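Novice: Data file model-v1.txt (compact mmCIF, C-alpha atoms and all ligand atoms) is appended below.
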```
# COMPACT_ATOMS: atom_id res chain seq x y z
CA MET A 82 26.07 49.94 8.70
CA SER A 83 22.87 48.14 9.70
CA VAL A 84 23.10 45.62 12.55
CA CYS A 85 21.93 42.14 11.47
CA GLU A 86 20.43 39.58 13.78
CA PHE A 87 22.92 36.85 14.67
CA LYS A 88 21.76 33.38 13.54
CA PRO A 89 23.75 30.49 15.02
CA GLY A 90 24.82 28.17 12.22
CA LEU A 91 23.75 30.88 9.73
CA GLU A 92 20.35 29.13 9.66
CA GLY A 93 18.22 30.51 6.84
CA ILE A 94 20.90 32.94 5.62
CA PRO A 95 21.82 32.50 1.92
CA ALA A 96 25.58 32.05 1.59
CA ALA A 97 25.64 32.06 -2.23
CA GLN A 98 23.56 32.30 -5.36
CA SER A 99 23.65 28.92 -7.07
CA SER A 100 22.04 27.16 -10.01
CA ILE A 101 23.44 23.72 -9.17
CA SER A 102 20.74 22.05 -7.06
CA PHE A 103 17.37 22.71 -5.45
CA VAL A 104 15.48 21.17 -2.53
CA ASN A 105 11.80 21.53 -1.63
CA GLY A 106 11.63 20.08 1.87
CA GLN A 107 7.83 20.23 2.18
CA GLU A 108 7.19 18.21 -0.94
CA GLY A 109 10.31 16.04 -0.86
CA ILE A 110 11.79 17.30 -4.13
CA LEU A 111 15.49 17.30 -5.02
CA GLU A 112 16.72 18.54 -8.40
CA TYR A 113 20.20 18.72 -9.91
CA ARG A 114 20.29 21.51 -12.54
CA GLY A 115 16.50 21.24 -12.71
CA LEU A 116 16.41 17.46 -13.27
CA ARG A 117 14.56 15.39 -10.66
CA ILE A 118 16.71 13.02 -8.60
CA GLU A 119 14.33 10.12 -9.39
CA ASP A 120 14.88 10.64 -13.12
CA LEU A 121 18.66 10.73 -12.74
CA ALA A 122 18.72 7.67 -10.44
CA GLU A 123 16.69 5.74 -13.00
CA ASN A 124 18.37 6.83 -16.22
CA SER A 125 21.75 8.45 -15.61
CA THR A 126 25.13 7.30 -14.32
CA PHE A 127 27.24 8.93 -11.65
CA LEU A 128 29.79 10.26 -14.15
CA GLU A 129 27.12 11.67 -16.42
CA THR A 130 25.48 13.30 -13.37
CA ALA A 131 28.86 14.71 -12.31
CA TYR A 132 29.23 16.25 -15.77
CA LEU A 133 25.71 17.70 -15.48
CA LEU A 134 26.45 19.23 -12.07
CA ILE A 135 29.84 20.67 -13.05
CA TRP A 136 29.14 21.91 -16.59
CA GLY A 137 25.44 22.66 -16.12
CA LYS A 138 24.03 20.47 -18.90
CA LEU A 139 23.75 16.82 -19.81
CA PRO A 140 26.66 15.84 -22.08
CA THR A 141 26.10 14.78 -25.66
CA LYS A 142 26.98 11.18 -26.42
CA ASP A 143 30.44 12.16 -27.70
CA GLU A 144 31.09 14.48 -24.76
CA LEU A 145 30.15 11.71 -22.35
CA ILE A 146 32.37 9.13 -24.04
CA GLU A 147 35.32 11.53 -23.96
CA PHE A 148 34.74 12.46 -20.32
CA GLU A 149 34.39 8.82 -19.21
CA HIS A 150 37.54 8.00 -21.16
CA GLU A 151 39.56 10.75 -19.48
CA VAL A 152 38.41 9.76 -15.99
CA ARG A 153 39.13 6.08 -16.73
CA TYR A 154 42.74 6.81 -17.71
CA HIS A 155 43.54 9.07 -14.74
CA ARG A 156 42.66 6.56 -12.02
CA ARG A 157 46.20 5.61 -11.06
CA ILE A 158 47.83 7.45 -8.18
CA LYS A 159 51.52 8.35 -8.10
CA TYR A 160 53.65 5.82 -6.26
CA ARG A 161 54.84 8.59 -3.94
CA ILE A 162 51.26 9.25 -2.83
CA ARG A 163 50.80 5.52 -2.31
CA ASP A 164 54.05 5.40 -0.29
CA MET A 165 52.95 8.38 1.77
CA MET A 166 49.64 6.61 2.50
CA LYS A 167 51.50 3.45 3.52
CA SER A 168 52.99 5.37 6.42
CA PHE A 169 49.58 6.46 7.74
CA PRO A 170 48.63 4.67 10.99
CA GLU A 171 46.27 1.78 10.23
CA SER A 172 44.12 2.79 13.22
CA GLY A 173 43.46 6.22 11.66
CA HIS A 174 40.01 6.98 10.29
CA PRO A 175 39.79 6.59 6.47
CA MET A 176 38.31 10.11 6.23
CA ASP A 177 41.48 11.55 7.76
CA ALA A 178 43.57 9.48 5.34
CA LEU A 179 41.46 10.78 2.46
CA GLN A 180 41.78 14.39 3.55
CA ALA A 181 45.57 14.13 3.76
CA SER A 182 45.80 12.32 0.41
CA ALA A 183 43.54 14.81 -1.39
CA ALA A 184 45.65 17.68 -0.04
CA ALA A 185 48.81 15.87 -1.18
CA LEU A 186 47.56 15.93 -4.78
CA GLY A 187 48.07 19.70 -4.63
CA LEU A 188 51.80 19.11 -4.06
CA PHE A 189 52.09 17.11 -7.26
CA TYR A 190 49.86 19.32 -9.39
CA SER A 191 50.80 22.70 -8.00
CA ARG A 192 50.34 24.75 -11.18
CA ARG A 193 47.29 26.98 -10.65
CA ASP A 194 45.54 28.48 -13.66
CA LEU A 195 41.97 29.15 -12.61
CA ASP A 196 41.06 31.21 -15.69
CA ASN A 197 41.90 28.35 -18.03
CA PRO A 198 39.01 25.94 -18.84
CA ALA A 199 41.56 23.20 -19.67
CA TYR A 200 43.05 23.50 -16.16
CA ILE A 201 39.57 23.26 -14.62
CA ARG A 202 38.73 20.18 -16.66
CA ASP A 203 42.04 18.56 -15.80
CA ALA A 204 41.52 19.11 -12.06
CA VAL A 205 37.91 17.82 -12.23
CA VAL A 206 38.99 14.67 -14.06
CA ARG A 207 41.94 14.05 -11.74
CA LEU A 208 39.90 14.44 -8.55
CA LEU A 209 36.95 12.34 -9.73
CA ALA A 210 39.35 9.68 -10.97
CA THR A 211 41.78 9.42 -8.05
CA ILE A 212 39.62 9.91 -4.94
CA PRO A 213 38.12 6.37 -5.24
CA THR A 214 41.60 4.92 -5.83
CA MET A 215 42.89 6.61 -2.68
CA VAL A 216 39.95 5.39 -0.57
CA ALA A 217 40.44 1.80 -1.78
CA ALA A 218 44.24 1.96 -1.42
CA PHE A 219 44.05 3.03 2.23
CA GLN A 220 41.52 0.29 2.96
CA LEU A 221 43.88 -2.41 1.64
CA MET A 222 47.09 -0.94 3.02
CA ARG A 223 45.72 -0.57 6.54
CA LYS A 224 45.16 -4.33 6.46
CA GLY A 225 48.78 -4.86 5.42
CA ASN A 226 48.03 -5.56 1.74
CA ASP A 227 49.25 -3.89 -1.42
CA PRO A 228 46.68 -1.66 -3.14
CA VAL A 229 44.87 -3.12 -6.15
CA ARG A 230 45.57 -1.40 -9.46
CA PRO A 231 42.51 0.15 -11.14
CA ARG A 232 41.09 -1.86 -14.04
CA ASP A 233 40.63 0.14 -17.23
CA ASP A 234 37.99 -2.24 -18.58
CA LEU A 235 35.62 -1.58 -15.67
CA ASP A 236 33.23 1.33 -15.29
CA TYR A 237 33.67 3.88 -12.52
CA SER A 238 31.62 2.14 -9.82
CA ALA A 239 32.51 -1.43 -10.75
CA ASN A 240 36.17 -0.46 -10.63
CA PHE A 241 35.87 1.02 -7.14
CA LEU A 242 34.18 -2.14 -5.78
CA TYR A 243 36.82 -4.22 -7.56
CA MET A 244 39.68 -2.20 -6.00
CA LEU A 245 38.20 -2.82 -2.54
CA SER A 246 37.98 -6.59 -2.82
CA GLU A 247 39.99 -7.61 -5.92
CA ARG A 248 36.83 -9.34 -7.14
CA GLU A 249 34.80 -8.12 -10.07
CA PRO A 250 31.40 -7.13 -8.64
CA ASP A 251 28.07 -8.44 -9.82
CA PRO A 252 26.69 -5.98 -12.45
CA LEU A 253 23.54 -5.30 -10.39
CA MET A 254 25.65 -4.51 -7.35
CA ALA A 255 27.84 -2.14 -9.37
CA ARG A 256 24.76 -0.43 -10.84
CA ILE A 257 23.18 0.00 -7.39
CA PHE A 258 26.44 1.44 -6.06
CA ASP A 259 26.52 3.86 -8.99
CA VAL A 260 22.96 5.01 -8.18
CA CYS A 261 24.03 5.54 -4.54
CA LEU A 262 26.82 7.84 -5.77
CA THR A 263 24.32 9.77 -7.92
CA LEU A 264 22.01 10.23 -4.91
CA HIS A 265 24.86 11.61 -2.76
CA ALA A 266 26.51 13.78 -5.43
CA GLU A 267 25.06 17.14 -4.38
CA HIS A 268 22.71 18.69 -1.85
CA THR A 269 22.63 22.53 -1.91
CA MET A 270 24.35 24.58 0.79
CA ASN A 271 25.36 22.13 3.51
CA ALA A 272 28.40 22.41 5.82
CA SER A 273 30.99 20.73 3.57
CA THR A 274 29.81 22.60 0.46
CA PHE A 275 29.99 25.88 2.34
CA SER A 276 33.49 24.92 3.46
CA ALA A 277 34.43 24.17 -0.16
CA ARG A 278 33.11 27.53 -1.34
CA VAL A 279 34.87 29.49 1.41
CA THR A 280 38.17 27.82 0.50
CA ALA A 281 37.49 28.30 -3.23
CA SER A 282 36.84 32.00 -2.66
CA THR A 283 40.49 32.54 -1.69
CA LEU A 284 41.41 31.31 -5.22
CA THR A 285 43.53 28.51 -3.84
CA ASP A 286 43.88 25.24 -5.77
CA PRO A 287 41.00 22.72 -6.16
CA TYR A 288 42.87 20.04 -4.17
CA ALA A 289 42.82 22.33 -1.11
CA VAL A 290 39.11 22.98 -1.78
CA VAL A 291 38.29 19.25 -1.78
CA ALA A 292 40.57 18.54 1.19
CA SER A 293 38.82 21.15 3.33
CA ALA A 294 35.39 19.84 2.29
CA VAL A 295 36.43 16.25 3.15
CA GLY A 296 37.51 17.46 6.60
CA THR A 297 34.12 19.08 7.12
CA LEU A 298 32.12 16.09 5.87
CA GLY A 299 33.88 13.78 8.36
CA GLY A 300 32.07 15.11 11.45
CA PRO A 301 29.27 13.03 13.03
CA LEU A 302 26.72 15.82 12.56
CA HIS A 303 27.25 15.73 8.78
CA GLY A 304 28.51 12.69 6.88
CA GLY A 305 28.95 10.31 9.79
CA ALA A 306 25.30 9.48 10.60
CA ASN A 307 25.07 6.45 8.24
CA GLU A 308 27.76 4.66 10.27
CA GLU A 309 25.70 5.19 13.41
CA VAL A 310 22.51 3.79 11.85
CA ILE A 311 24.12 0.37 11.51
CA GLY A 312 25.23 0.43 15.16
CA MET A 313 21.67 1.35 16.17
CA LEU A 314 20.06 -1.48 14.15
CA GLU A 315 22.53 -3.94 15.66
CA GLU A 316 21.73 -2.66 19.13
CA ILE A 317 17.98 -3.10 18.54
CA GLY A 318 18.70 -6.66 17.41
CA SER A 319 15.14 -7.80 16.50
CA VAL A 320 11.81 -6.47 15.22
CA GLU A 321 10.24 -7.24 18.62
CA ASN A 322 12.65 -4.83 20.35
CA VAL A 323 11.83 -1.83 18.15
CA GLY A 324 8.96 -0.55 20.34
CA SER A 325 10.89 -0.64 23.62
CA TYR A 326 14.04 0.81 22.02
CA LEU A 327 12.06 3.72 20.63
CA GLU A 328 10.21 4.36 23.90
CA ASP A 329 13.50 4.40 25.77
CA ARG A 330 15.17 6.83 23.32
CA LEU A 331 12.18 9.16 23.25
CA GLN A 332 11.93 9.22 27.05
CA ARG A 333 15.61 10.18 27.23
CA LYS A 334 15.01 12.78 24.48
CA ALA A 335 17.73 11.09 22.41
CA LYS A 336 17.75 11.41 18.61
CA ILE A 337 17.09 8.40 16.39
CA MET A 338 19.92 8.16 13.85
CA GLY A 339 18.95 8.41 10.20
CA PHE A 340 15.76 10.35 10.94
CA GLY A 341 14.94 14.04 10.70
CA HIS A 342 16.37 16.74 8.47
CA ARG A 343 16.78 20.51 8.66
CA VAL A 344 15.12 20.91 5.25
CA TYR A 345 12.95 17.83 4.57
CA LYS A 346 9.75 17.58 6.57
CA VAL A 347 8.61 14.51 4.63
CA LYS A 348 10.55 11.36 3.72
CA ASP A 349 13.80 12.32 1.99
CA PRO A 350 13.34 11.36 -1.71
CA ARG A 351 16.81 9.77 -1.63
CA ALA A 352 15.71 7.51 1.25
CA THR A 353 12.73 6.33 -0.83
CA ILE A 354 15.06 5.39 -3.72
CA LEU A 355 17.63 3.82 -1.41
CA GLN A 356 14.97 1.68 0.24
CA LYS A 357 14.00 0.26 -3.16
CA LEU A 358 17.68 -0.40 -3.91
CA ALA A 359 18.08 -2.15 -0.55
CA GLU A 360 15.14 -4.40 -1.44
CA GLN A 361 16.74 -5.24 -4.79
CA MET A 362 19.99 -6.08 -3.01
CA PHE A 363 18.31 -8.39 -0.53
CA ASP A 364 16.20 -10.06 -3.25
CA LYS A 365 19.28 -10.93 -5.25
CA PHE A 366 22.01 -11.38 -2.64
CA GLY A 367 20.10 -12.68 0.37
CA TYR A 368 17.89 -11.58 3.19
CA ASP A 369 19.12 -9.25 5.94
CA LYS A 370 17.20 -9.20 9.20
CA TYR A 371 18.32 -5.62 9.84
CA TYR A 372 16.15 -4.53 6.93
CA ASP A 373 13.02 -5.80 8.73
CA ILE A 374 14.09 -3.92 11.84
CA ALA A 375 14.61 -0.77 9.77
CA VAL A 376 11.16 -1.01 8.17
CA GLU A 377 9.49 -1.52 11.54
CA LEU A 378 11.45 1.40 13.01
CA GLU A 379 10.33 3.64 10.15
CA ARG A 380 6.70 2.63 10.74
CA ALA A 381 6.90 3.20 14.50
CA ILE A 382 8.59 6.60 14.12
CA ALA A 383 6.01 7.77 11.57
CA GLU A 384 3.35 6.95 14.18
CA LYS A 385 5.12 8.72 17.04
CA LEU A 386 7.00 11.57 15.36
CA GLY A 387 5.37 12.00 11.95
CA HIS A 388 3.50 15.08 13.23
CA LYS A 389 6.90 16.76 13.78
CA GLY A 390 8.02 15.96 10.24
CA ILE A 391 10.52 13.31 11.37
CA TYR A 392 11.00 10.75 8.59
CA PRO A 393 13.98 8.76 7.24
CA ASN A 394 16.80 10.82 5.74
CA VAL A 395 19.42 9.72 3.18
CA ASP A 396 21.52 8.00 5.83
CA PHE A 397 18.86 5.56 7.02
CA TYR A 398 18.94 3.00 4.21
CA SER A 399 22.35 3.74 2.64
CA GLY A 400 24.28 1.89 5.37
CA LEU A 401 22.21 -1.26 4.84
CA VAL A 402 22.98 -1.17 1.11
CA TYR A 403 26.73 -0.61 1.64
CA ARG A 404 26.89 -3.33 4.28
CA LYS A 405 25.37 -5.84 1.90
CA MET A 406 28.06 -4.86 -0.62
CA GLY A 407 30.71 -5.79 1.95
CA ILE A 408 31.87 -2.20 2.44
CA PRO A 409 33.28 -1.73 5.97
CA THR A 410 31.26 0.64 8.17
CA ASP A 411 34.04 3.23 8.55
CA LEU A 412 34.22 3.55 4.75
CA PHE A 413 30.60 4.74 4.50
CA THR A 414 31.62 8.40 4.90
CA PRO A 415 34.56 8.16 2.45
CA VAL A 416 32.09 6.64 -0.04
CA PHE A 417 29.85 9.66 0.58
CA ALA A 418 32.91 11.84 -0.17
CA ILE A 419 33.60 9.98 -3.46
CA ALA A 420 30.11 11.03 -4.58
CA ARG A 421 30.10 14.54 -3.12
CA VAL A 422 33.35 15.47 -4.90
CA ALA A 423 31.09 16.07 -7.92
CA GLY A 424 28.99 18.63 -6.04
CA TRP A 425 32.01 20.29 -4.40
CA LEU A 426 33.69 20.70 -7.79
CA ALA A 427 30.50 22.18 -9.27
CA HIS A 428 30.46 24.72 -6.42
CA TRP A 429 34.20 25.40 -6.84
CA LYS A 430 33.67 26.18 -10.52
CA GLU A 431 30.60 28.32 -9.81
CA GLN A 432 32.38 30.21 -7.01
CA ILE A 433 35.52 31.12 -8.96
CA ALA A 434 33.47 32.12 -12.03
CA GLU A 435 31.98 35.01 -10.05
CA ASN A 436 34.18 35.32 -7.02
CA ARG A 437 34.16 37.50 -3.98
CA ILE A 438 36.21 36.29 -1.03
CA PHE A 439 34.10 35.22 1.97
CA ARG A 440 34.70 37.66 4.76
CA PRO A 441 31.70 37.60 7.14
CA THR A 442 31.48 39.67 10.25
CA GLN A 443 31.00 38.68 13.90
CA VAL A 444 29.21 39.87 17.00
CA TYR A 445 31.97 40.77 19.44
CA THR A 446 31.12 39.70 23.02
CA GLY A 447 34.49 40.40 24.70
CA HIS A 448 35.91 43.27 26.75
CA HIS A 449 37.44 46.62 25.70
CA ASP A 450 40.27 48.77 27.03
CA VAL A 451 41.66 46.11 29.34
CA SER A 452 45.05 47.15 30.78
CA TYR A 453 47.95 44.74 30.72
CA THR A 454 48.83 43.12 34.07
CA PRO A 455 52.50 42.14 34.40
CA VAL A 456 52.93 38.40 34.94
CA GLU A 457 54.22 38.82 38.54
CA GLN A 458 50.99 40.51 39.53
CA ARG A 459 48.58 37.97 38.06
N1 LIG B 1 14.89 11.52 16.47
C1 LIG B 1 14.00 11.99 17.37
N2 LIG B 1 13.55 13.25 17.38
C2 LIG B 1 14.02 14.08 16.46
C3 LIG B 1 14.95 13.67 15.50
C4 LIG B 1 15.39 12.34 15.52
N3 LIG B 1 16.28 11.88 14.65
N4 LIG B 1 15.26 14.71 14.70
C5 LIG B 1 14.55 15.74 15.16
N5 LIG B 1 13.81 15.38 16.22
C6 LIG B 1 12.89 16.23 16.99
C7 LIG B 1 13.69 17.10 17.96
O1 LIG B 1 13.86 16.46 19.21
C8 LIG B 1 12.84 18.33 18.04
O2 LIG B 1 11.75 18.05 18.90
P1 LIG B 1 11.13 19.22 19.86
O3 LIG B 1 10.62 20.24 18.89
O4 LIG B 1 10.08 18.51 20.63
O5 LIG B 1 12.29 19.69 20.68
C9 LIG B 1 12.28 18.47 16.62
O6 LIG B 1 12.27 17.14 16.09
C10 LIG B 1 13.13 19.37 15.74
O7 LIG B 1 14.47 18.89 15.79
P2 LIG B 1 15.79 19.73 15.57
O8 LIG B 1 16.95 19.03 16.18
O9 LIG B 1 15.54 21.16 15.97
O10 LIG B 1 15.94 19.67 14.01
P3 LIG B 1 17.17 20.20 13.21
O11 LIG B 1 16.62 20.64 11.93
O12 LIG B 1 17.97 21.17 13.98
O13 LIG B 1 18.08 18.89 13.06
C11 LIG B 1 19.05 16.90 12.29
C12 LIG B 1 18.15 18.11 11.94
C13 LIG B 1 19.30 16.09 11.03
C14 LIG B 1 20.40 17.37 12.85
C15 LIG B 1 18.31 16.03 13.33
O14 LIG B 1 17.08 15.61 12.80
C16 LIG B 1 19.16 14.85 13.77
O15 LIG B 1 20.02 14.97 14.66
N6 LIG B 1 18.90 13.62 13.19
C17 LIG B 1 19.66 12.44 13.55
C18 LIG B 1 21.06 12.44 12.91
C19 LIG B 1 21.00 12.20 11.42
O16 LIG B 1 20.35 11.29 10.94
N7 LIG B 1 21.75 13.04 10.69
C20 LIG B 1 21.85 12.94 9.23
C21 LIG B 1 21.18 14.09 8.57
S1 LIG B 1 21.10 13.87 6.82
```
Could you render the structure as structure tokens?
Ligand code: COA
Specialist:
Amino acid sequence: MSVCEFKPGLEGIPAAQSSISFVNGQEGILEYRGLRIEDLAENSTFLETAYLLIWGKLPTKDELIEFEHEVRYHRRIKYRIRDMMKSFPESGHPMDALQASAAALGLFYSRRDLDNPAYIRDAVVRLLATIPTMVAAFQLMRKGNDPVRPRDDLDYSANFLYMLSEREPDPLMARIFDVCLTLHAEHTMNASTFSARVTASTLTDPYAVVASAVGTLGGPLHGGANEEVIGMLEEIGSVENVGSYLEDRLQRKAKIMGFGHRVYKVKDPRATILQKLAEQMFDKFGYDKYYDIAVELERAIAEKLGHKGIYPNVDFYSGLVYRKMGIPTDLFTPVFAIARVAGWLAHWKEQIAENRIFRPTQVYTGHHDVSYTPVEQR
């Protein structure tokens, strides 16, 4: 067998063949099933995009109506799951609560029939429908309140914002939130998607697949950066402080949160769209001084680090948008998970359609032929 070069983090090594999404990091292009992200953000909805990602084509009008209808009527969670969540510690991170709750779904829907398209559809609908309900339920219960029941008359995104606050959101706010979900729905072979595919390759159930991906997304090197952007903007405090803050960070060789990307060497196309959405939010719902700080920081970093290809990534403007919607900072990553469930499910379906269990190799760096030393002699 040939000896391969070891690449930490598997950098540059294809882990799958996939027709779900495509990124061109030099030109700032992101496509889902060949459709540009700008086109989808402008014209599609999150649920329609989820259908596109999972079934590989845009739904017809009737298919879309049926799919939306199914998701709408599967939003409620079993009272036993709600009771289980009630006993979670309120100080726990919402991502941990979500991971446990997603895994618990597998207990209630334990039948596994991966060759049956009806089973696949049922699992897709159930996960897309209940993950937002579980995120909102934990948010209310950790504050000592009862969860808010989903409202069947509201669309997917409006219903999630409603379940968080018990107030019907402004239609523009709900639309902007829906676009945010579309932008975060899928992004080729990242850590959580790889995790989902590895778990899927064992032919376990889709609830275990999503639970393992949620666990992977929760780390600060992956989904957690948008939370840190808000902390950074608060620390900077004013436009005047941007220059000195940046100098200080660069001197200490510290990273600036929300900037840089392994693949994009220009501004992330999702950041460009999110910036426009942030502007729409502030125009309609009031000015936010942190936006001015963000714009100045982007300008200053382009000047200092543009030659290295360091530009805003998806996390830079998303936090500002969510904050203006009243979403608590530690829910930013669970919101990311609500969106990414679509991509994970697309990868689950693609993986099991042509499966081979993941079983990589390793480069052994330990000893051989070591003799056992009895405990008295150690
Ligand atoms: N701020 C300042 N400098 C940065 C930077 C940032 N956010 N991101 C990268 N750089 C610099 C590095 O210091 C390095 O400089 P050098 O060549 O002089 O040593 C160069 O750019 C390459 O960086 P590297 O860390 O090797 O890039 P990567 O592809 O391994 O890392 C990230 C990509 C996303 C992990 C990295 O850019 C980062 O940590 N960004 C901040 C966290 C973040 O926003 N994460 C969300 C990603 S969507």
Novice: My list of candidates is A:Phe103, A:Phe397, A:Phe417, A:Trp429. Which is closest to ligand LIG 1 (chain B) when distances are computed with only C-alpha atoms and all ligand atoms?
Specialist: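 Among the listed residues, A:Phe397 lies closest to ligand LIG 1 (chain B).
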Novice: Could you check which residues have any atom within 9 Å of (14.4, 22.2, 6.1), counting only C-alpha atoms with coordinates taken straight from the file, and then list them as a list in words?
Specialist: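 It turns out the residues near that spot are Val104, Asn105, Gly106, Gln107, His342, Arg343, Val344, Tyr345 and Lys346 of chain A.
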Novice: Counting all atoms listed in the file, which residue out of A:Asp143, A:Glu316, A:Glu92, A:Asp259 sits closest to ligand LIG 1 (chain B)?
Specialist: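 For ligand LIG 1 (chain B), the nearest of the given residues is A:Glu92.
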Novice: Output the neighbourhood of ligand LIG 1 (chain B) as a PyMOL selection string, that is, all protein and nucleic acid residues with some atom at most 8 Å from the ligand, counting all atoms listed in the file.
Specialist: chain A and resi 301-307+310+330-331+334-344+386+389-391+393-397
Novice: Store the residues picked out above in a file with C-alpha atoms, as a PDB file, in the coordinates of the input.
Specialist:
```pdb
ATOM      1  CA  PRO A 301      29.270  13.030  13.030  1.00  0.00           C
ATOM      2  CA  LEU A 302      26.720  15.820  12.560  1.00  0.00           C
ATOM      3  CA  HIS A 303      27.250  15.730   8.780  1.00  0.00           C
ATOM      4  CA  GLY A 304      28.510  12.690   6.880  1.00  0.00           C
ATOM      5  CA  GLY A 305      28.950  10.310   9.790  1.00  0.00           C
ATOM      6  CA  ALA A 306      25.300   9.480  10.600  1.00  0.00           C
ATOM      7  CA  ASN A 307      25.070   6.450   8.240  1.00  0.00           C
ATOM      8  CA  VAL A 310      22.510   3.790  11.850  1.00  0.00           C
ATOM      9  CA  ARG A 330      15.170   6.830  23.320  1.00  0.00           C
ATOM     10  CA  LEU A 331      12.180   9.160  23.250  1.00  0.00           C
ATOM     11  CA  LYS A 334      15.010  12.780  24.480  1.00  0.00           C
ATOM     12  CA  ALA A 335      17.730  11.090  22.410  1.00  0.00           C
ATOM     13  CA  LYS A 336      17.750  11.410  18.610  1.00  0.00           C
ATOM     14  CA  ILE A 337      17.090   8.400  16.390  1.00  0.00           C
ATOM     15  CA  MET A 338      19.920   8.160  13.850  1.00  0.00           C
ATOM     16  CA  GLY A 339      18.950   8.410  10.200  1.00  0.00           C
ATOM     17  CA  PHE A 340      15.760  10.350  10.940  1.00  0.00           C
ATOM     18  CA  GLY A 341      14.940  14.040  10.700  1.00  0.00           C
ATOM     19  CA  HIS A 342      16.370  16.740   8.470  1.00  0.00           C
ATOM     20  CA  ARG A 343      16.780  20.510   8.660  1.00  0.00           C
ATOM     21  CA  VAL A 344      15.120  20.910   5.250  1.00  0.00           C
ATOM     22  CA  LEU A 386       7.000  11.570  15.360  1.00  0.00           C
ATOM     23  CA  LYS A 389       6.900  16.760  13.780  1.00  0.00           C
ATOM     24  CA  GLY A 390       8.020  15.960  10.240  1.00  0.00           C
ATOM     25  CA  ILE A 391      10.520  13.310  11.370  1.00  0.00           C
ATOM     26  CA  PRO A 393      13.980   8.760   7.240  1.00  0.00           C
ATOM     27  CA  ASN A 394      16.800  10.820   5.740  1.00  0.00           C
ATOM     28  CA  VAL A 395      19.420   9.720   3.180  1.00  0.00           C
ATOM     29  CA  ASP A 396      21.520   8.000   5.830  1.00  0.00           C
ATOM     30  CA  PHE A 397      18.860   5.560   7.020  1.00  0.00           C
TER      31      PHE A 397
END
```
Novice: Nearest to A:Glu171: which of A:His448, A:Lys224, A:Lys365, A:Arg207 is it, counting all atoms listed in the file?
Specialist: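 That would be A:Lys224, the residue with the smallest distance to A:Glu171.
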Novice: Using only C-alpha atoms, which residue out of A:Cys261, A:Val451, A:Leu179, A:Ala239 lies closest to A:Thr211?
Specialist: A:Leu179
Novice: Which residues are near A:Pro170? Cut-off 12 Å, all atoms listed in the file, ignore same chain within fewer than 6 positions. Put them as a count of residues only.
Specialist: 8
